[in-house]
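Participant: This is the structure I want to talk about, given as structure tokens.
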Amino acid sequence: MEEQMTVLQSLSLKILLKPAPEILEVFLSEIQHLPAATVTEFQDCLLFPALSLIRKRKATQQPSLELSLRIVHQVLSKSSLTTWTVFRDIVGSLCLTTNDFLTDARKGPGFDEVLAVLLMETSYAAFSCLDDSTLLTAINDPKELKMIHVLWSNAVFQCVDLLGKTPSRDVRLSCLRLLKATTMDAVDRVDCRRVFGGLFASFLPGITGACLSLAKDTATPFVGQVVLAETLATFSTVLCLVYGDEQAIGQDTAERTVTDGFPPDPRTVAWVAETVPKISLSLQNMTHLAAVDSAEVRLSLVLFSKKLLSSCLKSLRTTFPVLVRLLLPLAEDAFANVSAAALDVLQFFRSSVAADECDLVWGLLQEDFITLLDSLPYLSSNQSEQTFISALKTCCGYCTLLGSQLAVLLSSGDMMERFTDILLHLSELDYRNVDLMTYSTTDVADSPYTCTRLSGRETARQFDRLLFCLGKQGLSAGILQHLSGVLSDRFDVPSMNGVIFLTNNLIRNAEKPMQELHAVSVLLELYISSDWWTFSTSTQAAILSRRCVLDGEASSQGADELSLLRYKQQVVGLCLLLDGLAVTAEALGQTSQRTLHSTLCRLLEKTVSEVPLVEAHALQALKSLSRTYGYSSVSELIVDNMEYVTSTVLIRIRSLHRHPKTVFILQAALKLSSPDILPSIWKIVTFLLDKLDEFHSVAALPFVVVLAAVIRKIAEWNAATEPALTVAVPDRVDEAVRYLQEGCDLQNTSTELDEGISGQGEEPIPDLAEEEEVEPEVPTHVTFTVNILQRCAYLLPVDDRNLRTTILDIVREGCSILGAHKTQLLPVIHKVWTSVILLHRSPDLVILKKAFLCLVEMSEVAGSFLRQRVSTDIIPVVTRVLGKERHIADHWSPTEQLLITLLTSLPRLLKRIDAEDSVCEIVAAAVLPFLSPDQPAQLRQQAMGFFRELAVQQPDLVVVKMTEACDVLETFHKPGLPSVRRRRAVVTVPEADVCHILQDVPSYKVLFPRPN
């Protein structure tokens, strides 16, 4: 240690004699290696050479000056100032050097930012090292008190001067740090803080101007954000020092002792009354900082407000509305930490404001809120989107701040009418983006409409947030009654849509359980009794939507757009009405269950609307009602109230001219419920069948659609209750013939047949006197299925594509239901057979495909009963179609789809009817050309699948066909296998495809091993 001190002493002498940068660098390095205790002990000796160089202030010695400043900064960072004299010498020298530096900067062309930062940082280190006891000693000395004023005045005004001269971030940050350090914020003694509070009161205009100037510079992304955060922290520290509650501002300054040369405390009552409005105006000029896209700046603004609210409750009371206005948009901020901090400060403000101050502060806040509400229509039309979003966020913050006072404020005087008019003005809907073809049964939370006053997505989202806050805090019975009156008085569709949109959002966001139940029940009655339920939602709207978008010509485009707009308004109105039923019922809870029967049929009717948007909203409303009334699902809701639905349908169906969509109520109930609903609908189904007989020539399709729903529900119940059907098996004679054809022993077969016949002959003849066996009772669902299929047999020839496809679906499902009841099944198949045959000759490929699938389903349950009919009537038609449509060009066309269906289903059809060999050969010959490499890959795959399945039933036939199409079988002929005379090949099949087809044929596995 002694050696180090000797070296330092030698270096110090050299610096005083002839300062050189090399010596200063060595001196600085030695100080860096000294321990802090040693630096504190020899502080004066270590500072003396550096301060001597700083006092010379020669431009030619700038490198030495910078090193000297670094030495002072290093010493101060390792020690604290133990004497006022050292602090005075350091700060005085730095102030003089800074003054010369600023003077030279005015004269010279350049500005040395590095030197400026060193000066500010060194001064900052000096002010930070000053402890309480040393400062108190200087304050108690009248002479030194004058020096305090001189030093602080120079330091503060030099910082203010530098802040206005340079755009450098580093210089600005150093100046702001020094300015904050001069406030001696770490000193806790009240007498010291009062001295500096009065001192900084005289500096306040310059500091305020500098901070406001920096607050305007928000264009530079990173630089501006860092400086803004430091500016807010410094400005709040100065304001709390000047206007803090511990300062006892406003006392008579004549009673205080004033030292000669030290200015008196200017903070009189008159001074406060003059300066506080200026501070309020300055705070208003900082409101734009809430829109800066920086979480750091916004959080600094929150901390700035919190510091003033917590430290200046008395002095800056009139500025509180401005401070709160700064915080309100931040309470709705996108950054979670910013919004949470702002909400905490607002809660602190609510709990901290004294009772005697509530009237003034809250009165000013309420007045500002009302003014802001009144300005929203103007801002939405004439200001930028960002300005309007900020206003909406502020309104949301006011709703949170006012709390329970909001409902009283909005319901008082003429405010209620003004409030609703403003919201209705903003809630005017825009129908341009409504897509009538949009369909979503899972989520309709995103509204299919936006507000005309709110063009952007963020604006619309913020307006929804405002409605949420108003509904949660400001909804009252008076507002709901006023909206009910407005809804009753308006008759044009756009205006009514806006009222319902606003009312639904307010009620949806209100806290449950609601207190305004009577007003909500009045709204529910208005919704139920509305004439809008009769609005047209036909497919014409969807057609118009596509026509206007795709090919509307100039002459008719105007008329089409006008009609489309009218349809969209009606559709949106109906969607809003459906939402309103769900919202009001949820608000009323179980008390609204008496209206369930009035709303259920309306909702069921709209769930089968031709417009997907209406259907989605109706389904969502039903789900909401089921949750509200305690049902686990929509199905349980419908089943429990099916008796009322049935009664309503029975009453309305007698006057279909007045209620043309009555039958769709039953269709929706069947579609959305479980099979448990069946016992309660048999009566209404009987009535529907009678009405179908009456209106079959006028409007058969609605009834058939409902019957299709009935059949599907019966099929679901039948599949769950009855065992699966076994495959139809041919009788004993067919088995014997088949056995003989395969070359088996005739004698063994005859013996088995004789034994069976003799066994049957030995059965005892039943006594005629005995009671005849009672036939089992036909189940109810079978009876109704038969009745429905009998009507379908007469309606199939009707030339209506939709009707035909629906009836074919009914026949297919109905035959599956009757599979276990052959006595009822076979007569029904006999009745529908002629119509099915006619549909197989239809030029409509979709109908032909449906008819063939229906025939395959019939063969599944009827089996060999249809063998002769299919062989005679269907197979020729199918082979003709296969031959006619053999060459196709369009991929995935209706023709290709029909061919794929035929090739896929033909093996199953031949197997179920146990087709004869000749029939199988005809079909195989018709399918063979589709194995050609020229055919599409999809058809080739299906044709190979056909022959593979046919090979299980007719292996020899498949071998023959493959022999005709490929030379490989003649090459590998094996004794014992059938000898085939080769015909002229119709098509050449690749060897790989032949191997794939015959890989499962037992006799040819050796010749055709499974390909790798």
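In the structure tokens, chains take the letters A, B, ... in the order shown, each chain's residues start at 1, and ligands count up from 1 in the order shown.
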If DSSP is run on the backbone, what residues of range 65-95 of chain A are helix (DSSP H, G or I)? A reply as a list in words would be ideal.
Facilitator: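 Everything in range 65-95 of chain A that counts as helix (DSSP H, G or I) is Leu65, Glu66, Leu67, Ser68, Leu69, Arg70, Ile71, Val72, His73, Gln74, Val75, Leu76, Ser77, Trp84, Thr85, Val86, Phe87, Arg88, Asp89, Ile90, Val91, Gly92, Ser93, Leu94 and Cys95 of chain A.
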Participant: Please determine, counting only C-alpha atoms, which residue among A:Cys192, A:Asn337, A:Ile681, A:Lys850 has the shortest atom-to-atom distance to Thr137 in chain A.
Facilitator: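 Ranked by minimum distance to Thr137 in chain A, first place goes to A:Cys192.
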Participant: Using CA of Met944 in chain A and CA of Asp993 in chain A as the two end points, give the distance in Å to one decimal.
Facilitator: 7.3 Å
Participant: May I ask which of the residues A:Glu813, A:Asp690, A:Asp421, A:Asp640 is the closest one to Lys713 in chain A, counting only C-alpha atoms?
Facilitator: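 Going through A:Glu813, A:Asp690, A:Asp421, A:Asp640 one by one, the smallest distance to Lys713 in chain A is for A:Glu813.
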